[in-house]
Amino acid sequence: EFTDMTEEEKSKMFGLKPTGLAEGERDDKVKGKPYPRRKRELPASKDWSNDQQFPIKNQGSCGSCWTFSAIGAVTANCGIHRNKWYDFSEQDVVDCANVKAGYFDCNGCGGGWMSWAVQYIIDKEGAVLTNNYPYKASDGICKNLGKTDRFCAPREVINFPPGSYEDLIQALDDGVVAVGVNASPWHAYQPSAEDSVLPADSCPSEMAKINHGVVAVGWGTDERSGKDFWLLKNSWGPRWGLSGYIRIERSKDGNNDKNACGILQLNSYPAFQ
């Protein structure tokens, strides 16, 4: 299903926008700041995946990964911190959080930024339910649903400075994170029983090569190979990867080049706590 795709078909399954940025830059116009750290003993593993309350979705042939990443993070963190689980609409963000509405370089299926998608949800005082705004994998006219149709607005969106291992892992100890990655080789990801971890040298870590938004839901160590990994939730349906998830290499020394696919470069945390 994925390995036989043309390059054009593959490109339609991305949609994150930092192409052309230099190393260490953020150009989403949302000021970055470190995650509020505290002294803690981190567990050996963490897994926020929840297929019942937080199922795998499929963006289809629309460059809307940035909305699935943002909505996924808002959904999970609302459930984790407010104990309220909803199925929120990506289509609302696709249609409404755009340049015309003041959201920098966000263009529906033409791509956008997770930070601005979360900021849109904050500005509108909540996210819309999918039942009220179904996903159609194409651009549409904004319905402008009001406050009575919205739920679970984050307190703020925390956009980490590029390259920080500690920001990501401490935030992941508290909830999930919308992360940008280079997913160019992911269509060929076929985990085996012996080794399910995508190595760091499989995809570049530079900011300019990041092209896809996903949800970081945990970390751990592969029992067979002994490799440390980040656990990411994708938006290509449950038939891809590890039932919709991927494990990518994690380096405990925090070296950006040893953390696969540029995962430390462009991260946004919808904070409810």
# chains A, B, ... in the order shown; residues from 1 in each chain; ligands from 1
>>> residues_around(residues="His81 (chain A)", least_positions_apart="2", cutoff="7 Å", atoms="only C-alpha atoms", output="number ranges by chain")
A: 77-79, 83, 272-273
>>> atom_distance(atom1="CA of Asp222 (chain A)", atom2="CA of Glu249 (chain A)")
9.9 Å
>>> closest_residue(among="A:Lys143, A:Lys57, A:Arg239, A:Arg250", to="Gly218 (chain A)", atoms="only C-alpha atoms")
A:Arg250
>>> closest_residue(among="A:Ser196, A:Asn50, A:Asn132, A:Gln91", to="Thr148 (chain A)", atoms="only C-alpha atoms")
A:Asn132
>>> residues_around(residues="Asn144 (chain A)", least_positions_apart="4", cutoff="10 Å", atoms="only C-alpha atoms", output="MDAnalysis selection string")
chainID A and resid 92 95:96 124 149
>>> select_by_dssp(residues="region 24-263 of chain A", states="alpha helix (DSSP H)", output="PyMOL selection string")
chain A and resi 65-82+90-96+114-123+165-174
>>> select_by_dssp(residues="region 32-173 of chain A", states="strand (DSSP E)", output="VMD selection string")
chain A and resid 46 to 47 127 to 128 150 to 151 156 to 159
>>> write_last_selection(atoms="N, CA, C and O atoms", output="PDB file, in the first residue's frame")
ATOM      1  N   LYS A  46       7.561   5.222  28.817  1.00  0.00           N
ATOM      2  CA  LYS A  46       6.282   5.924  28.949  1.00  0.00           C
ATOM      3  C   LYS A  46       5.470   5.642  27.695  1.00  0.00           C
ATOM      4  O   LYS A  46       6.019   5.604  26.581  1.00  0.00           O
ATOM      5  N   ASP A  47       4.179   5.457  27.848  1.00  0.00           N
ATOM      6  CA  ASP A  47       3.338   5.157  26.691  1.00  0.00           C
ATOM      7  C   ASP A  47       1.940   5.724  26.926  1.00  0.00           C
ATOM      8  O   ASP A  47       1.162   5.182  27.706  1.00  0.00           O
ATOM      9  N   ALA A 127     -11.836  23.128  20.762  1.00  0.00           N
ATOM     10  CA  ALA A 127     -11.878  22.399  19.496  1.00  0.00           C
ATOM     11  C   ALA A 127     -13.293  21.915  19.218  1.00  0.00           C
ATOM     12  O   ALA A 127     -14.102  21.738  20.128  1.00  0.00           O
ATOM     13  N   VAL A 128     -13.569  21.680  17.945  1.00  0.00           N
ATOM     14  CA  VAL A 128     -14.888  21.255  17.482  1.00  0.00           C
ATOM     15  C   VAL A 128     -14.935  19.729  17.405  1.00  0.00           C
ATOM     16  O   VAL A 128     -13.939  19.078  17.087  1.00  0.00           O
ATOM     17  N   ARG A 150     -17.577  24.201  21.008  1.00  0.00           N
ATOM     18  CA  ARG A 150     -16.149  23.974  21.239  1.00  0.00           C
ATOM     19  C   ARG A 150     -15.875  23.513  22.670  1.00  0.00           C
ATOM     20  O   ARG A 150     -16.571  23.914  23.600  1.00  0.00           O
ATOM     21  N   PHE A 151     -14.829  22.693  22.793  1.00  0.00           N
ATOM     22  CA  PHE A 151     -14.503  22.105  24.087  1.00  0.00           C
ATOM     23  C   PHE A 151     -12.989  22.043  24.271  1.00  0.00           C
ATOM     24  O   PHE A 151     -12.233  21.948  23.318  1.00  0.00           O
ATOM     25  N   GLU A 156      -2.232  27.161  27.237  1.00  0.00           N
ATOM     26  CA  GLU A 156      -1.257  27.810  26.359  1.00  0.00           C
ATOM     27  C   GLU A 156      -0.608  26.745  25.486  1.00  0.00           C
ATOM     28  O   GLU A 156      -0.767  25.543  25.722  1.00  0.00           O
ATOM     29  N   VAL A 157       0.112  27.185  24.464  1.00  0.00           N
ATOM     30  CA  VAL A 157       0.937  26.278  23.674  1.00  0.00           C
ATOM     31  C   VAL A 157       2.395  26.630  23.945  1.00  0.00           C
ATOM     32  O   VAL A 157       2.790  27.789  23.836  1.00  0.00           O
ATOM     33  N   ILE A 158       3.163  25.637  24.366  1.00  0.00           N
ATOM     34  CA  ILE A 158       4.580  25.833  24.665  1.00  0.00           C
ATOM     35  C   ILE A 158       5.387  25.279  23.502  1.00  0.00           C
ATOM     36  O   ILE A 158       5.353  24.080  23.226  1.00  0.00           O
ATOM     37  N   ASN A 159       6.085  26.164  22.798  1.00  0.00           N
ATOM     38  CA  ASN A 159       6.888  25.793  21.642  1.00  0.00           C
ATOM     39  C   ASN A 159       8.353  25.762  22.061  1.00  0.00           C
ATOM     40  O   ASN A 159       8.947  26.797  22.344  1.00  0.00           O
TER      41      ASN A 159
END
